[in-house]
file coords.cif (mmCIF, C-alpha atoms)
data_work
#
loop_
_atom_site.label_atom_id
_atom_site.label_comp_id
_atom_site.auth_asym_id
_atom_site.auth_seq_id
_atom_site.Cartn_x
_atom_site.Cartn_y
_atom_site.Cartn_z
CA MET A 117 -1.64 3.08 27.05
CA PRO A 118 1.05 0.38 27.40
CA THR A 119 2.98 -0.35 24.23
CA ASP A 120 2.42 -4.09 24.56
CA MET A 121 -1.35 -3.81 24.25
CA THR A 122 -1.25 -5.62 20.92
CA ALA A 123 1.07 -8.23 19.49
CA PRO A 124 3.68 -7.53 16.83
CA ILE A 125 2.66 -8.42 13.31
CA SER A 126 4.25 -11.85 13.55
CA GLN A 127 2.04 -12.69 16.55
CA VAL A 128 -1.31 -11.36 15.36
CA SER A 129 -3.92 -14.11 15.47
CA PRO A 130 -3.87 -15.92 12.09
CA GLY A 131 -7.66 -15.79 12.03
CA SER A 132 -10.21 -17.80 10.11
CA TYR A 133 -10.34 -15.88 6.89
CA GLY A 134 -12.06 -18.56 4.89
CA SER A 135 -12.04 -18.88 1.13
CA PHE A 136 -12.46 -15.16 0.42
CA ILE A 137 -8.71 -14.58 0.89
CA PRO A 138 -6.92 -15.87 -2.24
CA THR A 139 -3.85 -18.07 -2.13
CA VAL A 140 -0.57 -16.21 -2.59
CA GLN A 141 2.48 -18.24 -3.55
CA PRO A 142 5.81 -17.17 -2.03
CA LEU A 143 8.52 -16.02 -4.39
CA ARG A 144 10.58 -19.04 -5.45
CA GLN A 145 14.23 -19.04 -4.44
CA ASP A 146 15.29 -20.74 -7.66
CA PHE A 147 13.92 -17.83 -9.68
CA LEU A 148 15.70 -15.35 -7.42
CA ASP A 149 18.94 -17.32 -7.87
CA GLU A 150 18.49 -17.52 -11.65
CA ALA A 151 17.92 -13.77 -11.81
CA GLN A 152 21.04 -13.11 -9.75
CA THR A 153 23.14 -15.27 -12.09
CA HIS A 154 21.84 -13.36 -15.12
CA LEU A 155 22.42 -9.95 -13.54
CA ASP A 156 25.96 -10.94 -12.61
CA SER A 157 26.63 -11.86 -16.25
CA LEU A 158 25.75 -8.43 -17.66
CA THR A 159 28.28 -5.91 -18.96
CA LYS A 160 28.92 -4.17 -15.64
CA PRO A 161 30.74 -4.85 -12.41
CA ARG A 162 28.66 -7.11 -10.18
CA GLY A 163 26.18 -5.19 -8.10
CA SER A 164 27.08 -1.87 -9.71
CA LEU A 165 23.45 -0.96 -10.39
CA GLY A 166 22.68 -1.30 -6.71
CA ARG A 167 19.06 -1.61 -5.66
CA MET A 168 17.93 -1.53 -9.29
CA GLU A 169 19.33 -5.05 -9.49
CA ASP A 170 17.35 -6.06 -6.38
CA LEU A 171 14.24 -4.72 -8.05
CA ALA A 172 14.93 -6.54 -11.31
CA LYS A 173 15.50 -9.77 -9.43
CA LYS A 174 12.21 -9.37 -7.57
CA LEU A 175 10.31 -8.66 -10.78
CA PHE A 176 11.80 -11.76 -12.44
CA ALA A 177 10.64 -13.93 -9.54
CA VAL A 178 7.19 -12.29 -9.48
CA CYS A 179 6.64 -13.26 -13.12
CA CYS A 180 8.01 -16.79 -12.54
CA GLY A 181 10.98 -16.32 -14.85
CA GLN A 182 9.01 -15.30 -17.92
CA ILE A 183 11.11 -13.26 -20.33
CA PRO A 184 10.87 -10.45 -21.15
CA ILE A 185 9.89 -8.97 -17.81
CA THR A 186 6.87 -6.76 -18.52
CA VAL A 187 5.40 -4.11 -16.21
CA SER A 188 3.42 -2.23 -18.85
CA PRO A 189 0.61 -1.31 -19.11
CA ALA A 190 0.13 -0.14 -15.53
CA LEU A 191 -2.93 1.02 -13.62
CA MET A 192 -3.11 3.33 -10.61
CA LEU A 193 -6.19 2.90 -8.41
CA THR A 194 -6.72 5.85 -6.06
CA VAL A 195 -9.27 4.85 -3.43
CA ALA A 196 -11.26 7.52 -1.58
CA ALA A 197 -13.41 7.35 1.55
CA ASP A 198 -14.33 9.35 4.64
CA HIS A 199 -13.73 8.69 8.33
CA GLY A 200 -16.05 9.28 11.27
CA VAL A 201 -13.07 10.13 13.47
CA ALA A 202 -12.80 13.42 11.54
CA GLU A 203 -15.49 14.62 13.95
CA GLN A 204 -12.78 14.70 16.62
CA GLY A 205 -10.88 17.54 14.91
CA VAL A 206 -7.82 15.52 13.90
CA SER A 207 -7.24 17.28 10.57
CA PRO A 208 -6.74 20.93 9.64
CA TYR A 209 -9.06 20.37 6.66
CA PRO A 210 -12.85 19.86 6.77
CA GLN A 211 -14.23 16.47 5.76
CA SER A 212 -15.80 18.02 2.66
CA VAL A 213 -12.32 18.16 1.11
CA SER A 214 -12.42 14.39 0.44
CA ARG A 215 -15.33 14.83 -1.91
CA GLN A 216 -13.91 17.99 -3.45
CA MET A 217 -10.63 16.22 -4.19
CA VAL A 218 -12.39 13.31 -5.86
CA LEU A 219 -14.01 15.82 -8.19
CA ASN A 220 -10.57 17.32 -8.79
CA PHE A 221 -9.26 13.85 -9.68
CA LEU A 222 -12.10 13.34 -12.12
CA ASN A 223 -11.40 16.74 -13.68
CA GLY A 224 -7.73 15.82 -14.15
CA GLY A 225 -6.26 18.56 -11.97
CA ALA A 226 -4.60 16.77 -9.04
CA GLY A 227 -1.02 15.71 -8.46
CA ILE A 228 -1.85 12.08 -9.17
CA ASN A 229 -3.38 13.01 -12.54
CA VAL A 230 -0.26 14.90 -13.59
CA LEU A 231 2.17 12.20 -12.44
CA CYS A 232 0.19 9.32 -13.95
CA ARG A 233 0.11 11.13 -17.28
CA THR A 234 3.85 11.75 -17.03
CA SER A 235 4.60 8.14 -16.04
CA ASP A 236 2.25 6.63 -18.64
CA MET A 237 -0.01 4.99 -16.05
CA ASP A 238 -3.76 4.70 -16.46
CA LEU A 239 -5.74 6.11 -13.51
CA ARG A 240 -9.05 5.15 -11.97
CA ILE A 241 -10.69 6.65 -8.89
CA VAL A 242 -12.50 4.25 -6.58
CA ASP A 243 -15.22 5.68 -4.33
CA ALA A 244 -15.15 3.33 -1.37
CA GLY A 245 -17.40 5.53 0.76
CA CYS A 246 -17.15 9.31 0.67
CA THR A 247 -19.81 11.21 2.59
CA GLY A 248 -22.58 12.84 0.58
CA GLY A 249 -23.73 9.81 -1.35
CA PRO A 250 -22.67 8.47 -4.75
CA PHE A 251 -20.96 10.64 -7.34
CA GLY A 252 -22.34 11.02 -10.81
CA ALA A 253 -21.20 8.61 -13.47
CA HIS A 254 -17.74 9.28 -14.91
CA LYS A 255 -15.43 7.23 -17.12
CA MET A 256 -12.65 7.37 -14.51
CA LEU A 257 -14.86 6.57 -11.51
CA LEU A 258 -15.47 3.13 -10.03
CA ASP A 259 -18.35 3.12 -7.54
CA ARG A 260 -17.53 0.56 -4.85
CA ARG A 261 -19.15 2.27 -1.87
CA LEU A 262 -19.18 0.47 1.47
CA GLY A 263 -21.14 3.23 3.19
CA ASP A 264 -21.26 6.96 3.77
CA GLY A 265 -17.95 7.07 5.65
CA THR A 266 -16.89 4.93 8.61
CA ALA A 267 -18.06 5.30 12.18
CA ASP A 268 -15.93 7.23 14.68
CA MET A 269 -13.28 4.72 15.79
CA SER A 270 -12.66 6.68 18.98
CA ARG A 271 -16.15 5.61 20.11
CA GLY A 272 -16.15 2.03 18.83
CA ALA A 273 -15.30 -0.02 15.76
CA ALA A 274 -14.95 1.93 12.52
CA MET A 275 -16.92 -0.78 10.69
CA SER A 276 -18.22 -4.30 11.15
CA ARG A 277 -16.13 -7.32 10.23
CA GLU A 278 -18.65 -8.09 7.48
CA THR A 279 -18.20 -4.64 5.94
CA CYS A 280 -14.42 -5.00 6.18
CA GLN A 281 -14.58 -8.36 4.40
CA LYS A 282 -16.68 -6.74 1.68
CA GLY A 283 -13.98 -4.08 1.29
CA LEU A 284 -11.27 -6.72 1.02
CA LEU A 285 -13.29 -8.64 -1.56
CA THR A 286 -13.87 -5.43 -3.50
CA GLY A 287 -10.11 -4.85 -3.72
CA ILE A 288 -9.41 -8.46 -4.66
CA GLU A 289 -12.01 -8.29 -7.42
CA LEU A 290 -10.63 -4.98 -8.72
CA ALA A 291 -7.15 -6.52 -8.96
CA CYS A 292 -8.48 -9.54 -10.83
CA GLU A 293 -10.42 -7.27 -13.20
CA ALA A 294 -7.21 -5.36 -13.91
CA VAL A 295 -5.44 -8.60 -14.81
CA SER A 296 -8.26 -9.56 -17.16
CA GLN A 297 -7.93 -6.14 -18.82
CA GLY A 298 -4.27 -6.81 -19.55
CA TYR A 299 -2.54 -4.71 -16.89
CA ARG A 300 0.88 -5.95 -15.80
CA CYS A 301 1.45 -3.68 -12.80
CA LEU A 302 -0.82 -1.97 -10.28
CA GLY A 303 -0.38 1.05 -8.04
CA VAL A 304 -2.52 1.97 -5.06
CA GLY A 305 -3.22 5.42 -3.65
CA GLU A 306 -5.76 7.03 -1.34
CA MET A 307 -7.75 10.11 -0.43
CA GLY A 308 -9.69 10.67 2.78
CA ILE A 309 -9.62 13.41 5.39
CA ALA A 310 -8.51 11.93 8.76
CA ASN A 311 -7.16 8.75 7.19
CA SER A 312 -3.69 9.34 8.64
CA THR A 313 -5.36 8.95 12.05
CA ALA A 314 -6.72 5.56 11.00
CA GLY A 315 -3.34 4.66 9.51
CA ALA A 316 -1.57 5.52 12.77
CA ALA A 317 -4.00 3.41 14.78
CA LEU A 318 -3.48 0.46 12.43
CA TYR A 319 0.30 0.71 12.64
CA SER A 320 0.09 0.89 16.42
CA ALA A 321 -2.22 -2.11 16.67
CA LEU A 322 -0.50 -4.33 14.09
CA LEU A 323 3.14 -3.47 14.75
CA ASN A 324 3.03 -2.75 18.48
CA ILE A 325 4.18 0.85 18.04
CA ASP A 326 3.25 3.46 20.63
CA ALA A 327 0.90 6.13 19.28
CA GLY A 328 3.37 8.83 20.26
CA ASP A 329 5.94 7.32 17.89
CA ILE A 330 3.67 6.85 14.88
CA VAL A 331 1.24 9.81 14.84
CA GLY A 332 2.34 12.72 12.66
CA PRO A 333 0.97 15.90 11.09
CA GLY A 334 -0.81 14.22 8.19
CA ALA A 335 -2.23 16.98 6.01
CA GLY A 336 -0.36 19.67 7.96
CA SER A 337 -1.45 19.61 11.61
CA ASP A 338 0.44 21.89 13.99
CA ALA A 339 2.08 20.55 17.16
CA ALA A 340 -1.05 21.05 19.28
CA MET A 341 -3.23 19.18 16.79
CA VAL A 342 -0.68 16.36 16.53
CA GLN A 343 -0.84 15.97 20.31
CA HIS A 344 -4.64 15.95 20.18
CA LYS A 345 -4.56 13.45 17.31
CA THR A 346 -2.27 11.21 19.37
CA GLU A 347 -4.74 11.22 22.23
CA ILE A 348 -7.58 10.36 19.84
CA VAL A 349 -5.57 7.41 18.50
CA ARG A 350 -4.91 6.24 22.04
CA ARG A 351 -8.61 6.58 22.82
CA ALA A 352 -9.50 4.49 19.75
CA LEU A 353 -7.01 1.81 20.78
CA HIS A 354 -8.45 1.79 24.31
CA VAL A 355 -12.10 1.69 23.23
CA ASN A 356 -11.38 -1.19 20.85
CA ALA A 357 -8.83 -2.91 23.12
CA LYS A 358 -10.70 -6.21 23.45
CA ILE A 359 -10.95 -6.87 19.75
CA LEU A 360 -7.40 -5.60 19.15
CA GLN A 361 -6.07 -8.03 21.74
CA THR A 362 -8.07 -11.10 20.71
CA GLY A 363 -9.03 -10.57 17.08
CA ASP A 364 -7.27 -11.39 13.86
CA ALA A 365 -5.98 -8.87 11.32
CA VAL A 366 -9.39 -8.45 9.69
CA ASP A 367 -10.92 -7.64 13.07
CA ILE A 368 -8.17 -5.07 13.69
CA LEU A 369 -8.67 -3.53 10.25
CA ALA A 370 -12.41 -3.31 10.89
CA ALA A 371 -11.92 -1.72 14.32
CA VAL A 372 -9.50 1.08 13.47
CA GLY A 373 -9.16 1.11 9.68
CA GLY A 374 -11.09 2.75 6.89
CA PHE A 375 -13.08 1.80 3.84
CA GLU A 376 -10.30 2.88 1.46
CA ILE A 377 -7.68 1.08 3.55
CA ALA A 378 -9.66 -2.17 3.42
CA VAL A 379 -10.06 -1.90 -0.36
CA MET A 380 -6.33 -1.17 -0.83
CA CYS A 381 -5.48 -4.14 1.38
CA GLY A 382 -7.66 -6.30 -0.86
CA LEU A 383 -6.01 -4.87 -3.97
CA MET A 384 -2.62 -5.97 -2.67
CA LEU A 385 -3.85 -9.45 -1.84
CA GLY A 386 -5.58 -9.80 -5.19
CA ALA A 387 -2.60 -8.55 -7.17
CA ALA A 388 -0.25 -10.90 -5.34
CA SER A 389 -2.54 -13.86 -5.95
CA ARG A 390 -2.37 -13.11 -9.69
CA ARG A 391 1.41 -12.54 -9.62
CA LEU A 392 1.21 -8.84 -10.35
CA PRO A 393 3.65 -6.35 -8.81
CA VAL A 394 1.85 -3.62 -6.88
CA LEU A 395 3.33 -0.23 -6.00
CA VAL A 396 2.52 0.82 -2.44
CA ASP A 397 2.44 4.58 -1.90
CA GLY A 398 3.27 6.24 1.41
CA TYR A 399 1.99 6.36 4.98
CA ILE A 400 -1.67 5.38 4.52
CA CYS A 401 -1.02 2.80 1.82
CA GLY A 402 1.72 1.42 4.06
CA ALA A 403 -0.87 0.81 6.78
CA ALA A 404 -2.96 -1.15 4.26
CA TYR A 405 0.19 -3.10 3.41
CA ALA A 406 0.76 -3.84 7.11
CA ALA A 407 -2.76 -5.30 7.27
CA ALA A 408 -2.24 -7.32 4.07
CA ALA A 409 1.04 -8.72 5.41
CA ALA A 410 -0.66 -9.69 8.67
CA ILE A 411 -3.38 -11.53 6.75
CA CYS A 412 -0.97 -13.15 4.27
CA PRO A 413 2.79 -12.66 4.86
CA GLU A 414 3.63 -13.85 1.33
CA VAL A 415 2.10 -10.65 -0.08
CA SER A 416 5.41 -8.92 0.69
CA GLY A 417 6.98 -10.64 -2.29
CA TYR A 418 4.70 -8.76 -4.68
CA CYS A 419 4.44 -5.36 -2.98
CA ILE A 420 6.99 -2.67 -3.83
CA LEU A 421 7.34 0.18 -1.34
CA SER A 422 7.57 3.15 -3.64
CA HIS A 423 8.88 5.86 -1.31
CA LEU A 424 9.61 6.84 2.27
CA SER A 425 7.02 9.38 3.36
CA ALA A 426 8.01 12.57 5.16
CA GLU A 427 5.37 11.60 7.73
CA PRO A 428 7.18 10.82 11.02
CA GLY A 429 6.83 7.17 11.93
CA HIS A 430 6.71 5.85 8.38
CA LYS A 431 10.33 4.74 8.46
CA LEU A 432 9.84 2.95 11.76
CA ALA A 433 6.85 1.04 10.38
CA MET A 434 8.52 0.18 7.07
CA ASP A 435 11.70 -0.97 8.84
CA ARG A 436 9.64 -3.37 10.96
CA LEU A 437 7.71 -4.70 8.00
CA CYS A 438 10.86 -5.25 5.92
CA ALA A 439 12.62 -6.93 8.85
CA ALA A 440 9.71 -9.37 9.18
CA ARG A 441 10.30 -10.64 5.58
CA PRO A 442 13.92 -9.85 4.67
CA GLN A 443 13.99 -12.56 2.00
CA ASP A 444 11.56 -10.75 -0.29
CA SER A 445 11.23 -7.16 0.98
CA ILE A 446 12.96 -4.14 -0.55
CA PRO A 447 13.07 -0.92 1.52
CA PRO A 448 11.23 2.11 0.07
CA LEU A 449 12.77 3.02 -3.27
CA LEU A 450 12.64 6.82 -3.12
CA HIS A 451 13.38 9.36 -0.38
CA LEU A 452 11.96 12.59 -1.78
CA GLY A 453 10.29 14.13 1.25
CA MET A 454 6.86 13.53 -0.29
CA ARG A 455 3.69 13.33 1.82
CA LEU A 456 0.83 14.09 -0.58
CA GLY A 457 -0.66 10.62 -0.87
CA GLU A 458 -3.07 9.91 -3.73
CA GLY A 459 -0.60 7.35 -5.15
CA THR A 460 1.87 10.05 -6.22
CA GLY A 461 4.91 8.21 -4.86
CA GLY A 462 3.91 5.09 -6.76
CA ALA A 463 3.45 7.04 -9.99
CA VAL A 464 6.99 8.40 -9.68
CA ALA A 465 8.50 5.04 -8.67
CA TYR A 466 6.85 3.24 -11.59
CA HIS A 467 9.61 4.55 -13.87
CA LEU A 468 12.14 2.65 -11.75
CA LEU A 469 10.24 -0.59 -12.38
CA ARG A 470 10.41 0.02 -16.12
CA CYS A 471 14.13 0.73 -15.86
CA ALA A 472 14.76 -2.41 -13.81
CA ALA A 473 12.85 -4.54 -16.32
CA ALA A 474 14.78 -2.99 -19.22
CA ILE A 475 18.11 -3.66 -17.52
CA TYR A 476 17.21 -7.33 -17.17
CA ASN A 477 15.72 -7.66 -20.63
CA ASP A 478 18.03 -5.58 -22.81
CA MET A 479 21.57 -5.32 -21.42
CA ALA A 480 24.19 -7.42 -23.15
CA THR A 481 26.03 -10.14 -21.30
CA MET A 482 29.79 -10.20 -21.04
CA ARG A 483 29.89 -13.17 -23.41
CA SER A 484 27.53 -11.76 -26.04
CA ALA A 485 29.36 -8.41 -26.08
CA GLY A 486 32.83 -9.94 -26.12
CA VAL A 487 33.81 -8.15 -22.92
CA SER A 488 36.41 -9.74 -20.70
CA GLY A 489 35.25 -10.74 -17.25
CA ARG A 490 37.00 -10.29 -13.94
CA MET A 491 40.50 -11.68 -13.57
#

call {"tool": "encode", "arguments": {"input": "coords.cif", "output": "C-alpha cells"}}
result
Amino acid sequence: MPTDMTAPISQVSPGSYGSFIPTVQPLRQDFLDEAQTHLDSLTKPRGSLGRMEDLAKKLFAVCCGQIPITVSPALMLTVAADHGVAEQGVSPYPQSVSRQMVLNFLNGGAGINVLCRTSDMDLRIVDAGCTGGPFGAHKMLLDRRLGDGTADMSRGAAMSRETCQKGLLTGIELACEAVSQGYRCLGVGEMGIANSTAGAALYSALLNIDAGDIVGPGAGSDAAMVQHKTEIVRRALHVNAKILQTGDAVDILAAVGGFEIAVMCGLMLGAASRRLPVLVDGYICGAAYAAAAAICPEVSGYCILSHLSAEPGHKLAMDRLCAARPQDSIPPLLHLGMRLGEGTGGAVAYHLLRCAAAIYNDMATMRSAGVSGRM
C-alpha cells in the first residue's frame, strides 16, 4: 500500500466533533517564561539539571503558575479490552489472556500492581470491553464496557463512530471524576491481546507511516508472525481506506482502533481540559496519544511521554509527534528497554514528576542562600 494513503497528523480532517470534546487551553508562554526565570535563579549552574528542568517548567505551566507544584496523589488507570483482529493470528498469546490478566491485576500480582505500590500511585482497572462478558464486582474494577471486544478491523471498521464517541466520553468522564476525587496526576495503561496491531494501524493512518516501519513483535512475535501481522495491518488499512482518507480522527480511531485506545484517548483529553498532567505509557498508549493530538493538538501540553518502548517504530512515531508540537512536547523521559505495557512505564516515570516538582518548590535561590552568581 502506498505510504501516502493517509495524511500526516497535521493534515487529518479537523472533523465536526461537537460539544462532547472539551476545550483544552494551550500552555501559556508567560508561565513557561516565569518558570524558566525561577529555575535559572536556583543554586545550580543554569540548565544543569537537564530535562528535569524542562519537566518542572512544563508542570508549572500546566498548573497555571500555582505554587507549590503538586502531582500527588496520582491515579493510574489501566484500560483493558479485546480485539477482533486477534482472530487473524497476530499474537503469540490466545485472546483469553486479556481476561486472565485483568484477574491478575485485580489480585494484585501484575507488574503494574507492583510498580504502582512502589511509586505510591493508586490503581484502577477499567474494563472497556473484554470478551466473556462483565467481570464480578471488585473495588479496583471500573466497568465501562463498550462491547464484547471490537470487530475484526481487517474485515471492516473495528467499531462504529457512535461507539468510539462513547469510548471517548467514557475516558473524559473518568478524568473528570479523578479530578473531583482530588487526584493531581493521572497515568494511563492498557491490556488487550492484539492491541499492538491496532496501535500500528493507528500510527500508520494518523502519521503516514508505512506498516513495515511501525509493526513490531508486540507480546513476542517471531519474525514470521511480525511479517504476517504487517500484512494484516496493511489489509486493515486497505479495507478501511475510504474512511481513512476522508474521515476525521474519530473516524480513523473507530476504523482501526480499539475500545481501550478510545477510552485512553478520552482520558488524555479530559485530563488536559482539567489541567491535569497525564503520563502516557508506551507503544499502545502512544497510539491513543496520537489520536488525542489529532483531535486536539493542545493536548500535547499536558501529556508526558513516560518512556521509549523497545517496540520498533515507537521512536519514529514519538519523534513525529514531538516535532509537530515542539513548543510544549518533551521526548520520552526514560529509555529502559521496557515493552510490557499496562502503564508500567508511567508508574516508573511518576517519580521523575515528583522530583521535578520538588526541585521547583524546594530548592533555594542564589539570593536566598547567599550564593554568588556567575561573573

call {"tool": "resolve_selection", "arguments": {"input": "coords.cif", "expression": "the PyMOL selection byres ((chain A and resi 290) around 12)", "output": "PyMOL selection string"}}
result
chain A and resi 191-195+240-242+244+258-260+283-289+291-297+299+302-304+379-387+390

call {"tool": "closest_residue", "arguments": {"input": "coords.cif", "among": "A:Gln204, A:Ser235, A:Gln361, A:Thr186", "to": "Leu322 (chain A)", "atoms": "all atoms listed in the file"}}
result
A:Gln361

call {"tool": "closest_residue", "arguments": {"input": "coords.cif", "among": "A:Arg351, A:Lys358, A:Lys345, A:Arg436", "to": "Ala202 (chain A)", "atoms": "only C-alpha atoms"}}
result
A:Lys345

call {"tool": "resolve_selection", "arguments": {"input": "coords.cif", "expression": "the PyMOL selection byres ((chain A and resi 270) around 12)", "output": "ChimeraX atom specification"}}
result
/A:199-206,266-269,271-275,313-314,317,345-357,371-373

call {"tool": "resolve_selection", "arguments": {"input": "coords.cif", "expression": "the PyMOL selection byres ((chain A and resi 312) around 12)", "output": "ChimeraX atom specification"}}
result
/A:198-199,201-202,206-207,306-311,313-319,330-337,342,345-346,348-349,372-374,376-377,398-404,425,427-430,455-457

call {"tool": "atom_distance", "arguments": {"input": "coords.cif", "atom1": "CA of Cys246 (chain A)", "atom2": "CA of Arg261 (chain A)"}}
result
7.7 Å

call {"tool": "atom_distance", "arguments": {"input": "coords.cif", "atom1": "CA of Gly181 (chain A)", "atom2": "CA of Ala410 (chain A)"}}
result
27.1 Å

call {"tool": "residues_around", "arguments": {"input": "coords.cif", "residues": "Pro142 (chain A)", "least_positions_apart": "3", "cutoff": "8 Å", "atoms": "all atoms listed in the file", "output": "ChimeraX atom specification"}}
result
/A:414-415,417

call {"tool": "atom_distance", "arguments": {"input": "coords.cif", "atom1": "CA of Gly486 (chain A)", "atom2": "CA of Ile183 (chain A)"}}
result
22.7 Å

call {"tool": "decode", "arguments": {"input": "coords.cif", "residues": "region 123-194 of chain A", "atoms": "C-alpha atoms", "output": "compact mmCIF listing (two decimals), in the first residue's frame"}}
result
# COMPACT_ATOMS: atom_id res chain seq x y z
CA ALA A 123 -2.41 12.46 5.59
CA PRO A 124 0.13 13.29 8.28
CA ILE A 125 -1.34 14.22 11.63
CA SER A 126 -1.24 17.93 10.81
CA GLN A 127 -3.45 17.33 7.75
CA VAL A 128 -6.05 14.97 9.19
CA SER A 129 -9.53 16.38 8.70
CA PRO A 130 -10.37 18.55 11.73
CA GLY A 131 -13.79 16.93 11.88
CA SER A 132 -17.02 18.01 13.49
CA TYR A 133 -16.54 16.72 16.98
CA GLY A 134 -19.28 18.76 18.55
CA SER A 135 -19.58 19.63 22.21
CA PHE A 136 -18.50 16.22 23.52
CA ILE A 137 -14.81 17.13 23.09
CA PRO A 138 -13.85 19.50 25.93
CA THR A 139 -11.91 22.70 25.42
CA VAL A 140 -8.19 22.42 26.12
CA GLN A 141 -6.25 25.62 26.68
CA PRO A 142 -2.70 25.76 25.30
CA LEU A 143 0.12 26.18 27.77
CA ARG A 144 0.75 29.89 28.29
CA GLN A 145 4.14 31.20 27.23
CA ASP A 146 4.27 33.66 30.11
CA PHE A 147 4.08 30.80 32.60
CA LEU A 148 6.81 28.93 30.74
CA ASP A 149 8.97 32.08 30.81
CA GLU A 150 8.29 32.66 34.52
CA ALA A 151 9.26 29.07 35.29
CA GLN A 152 12.48 29.41 33.31
CA THR A 153 13.43 32.56 35.23
CA HIS A 154 12.84 30.79 38.55
CA LEU A 155 14.82 27.70 37.54
CA ASP A 156 17.71 29.88 36.40
CA SER A 157 17.78 31.54 39.82
CA LEU A 158 18.27 28.31 41.79
CA THR A 159 21.53 27.25 43.43
CA LYS A 160 22.97 25.42 40.43
CA PRO A 161 24.53 26.27 37.10
CA ARG A 162 21.83 27.13 34.57
CA GLY A 163 20.43 24.07 32.87
CA SER A 164 22.50 21.69 34.98
CA LEU A 165 19.51 19.51 35.86
CA GLY A 166 18.84 18.95 32.18
CA ARG A 167 15.46 17.60 31.17
CA MET A 168 14.28 17.64 34.78
CA GLU A 169 14.14 21.41 34.38
CA ASP A 170 12.08 21.05 31.18
CA LEU A 171 9.69 18.85 33.10
CA ALA A 172 9.43 21.27 36.02
CA LYS A 173 8.76 24.13 33.62
CA LYS A 174 6.00 22.15 31.91
CA LEU A 175 4.38 21.24 35.23
CA PHE A 176 4.43 24.89 36.34
CA ALA A 177 2.64 25.94 33.15
CA VAL A 178 0.14 23.06 33.41
CA CYS A 179 -0.93 24.28 36.85
CA CYS A 180 -1.05 27.93 35.69
CA GLY A 181 1.74 29.05 38.00
CA GLN A 182 0.19 27.82 41.23
CA ILE A 183 2.81 27.19 43.89
CA PRO A 184 3.67 24.69 45.16
CA ILE A 185 3.53 22.44 42.12
CA THR A 186 1.61 19.34 43.23
CA VAL A 187 1.44 16.00 41.41
CA SER A 188 0.24 13.91 44.35
CA PRO A 189 -1.97 12.00 44.80
CA ALA A 190 -1.77 10.20 41.46
CA LEU A 191 -4.02 7.62 39.82
CA MET A 192 -3.11 5.00 37.23
CA LEU A 193 -5.98 3.81 35.04
CA THR A 194 -5.18 0.57 33.20
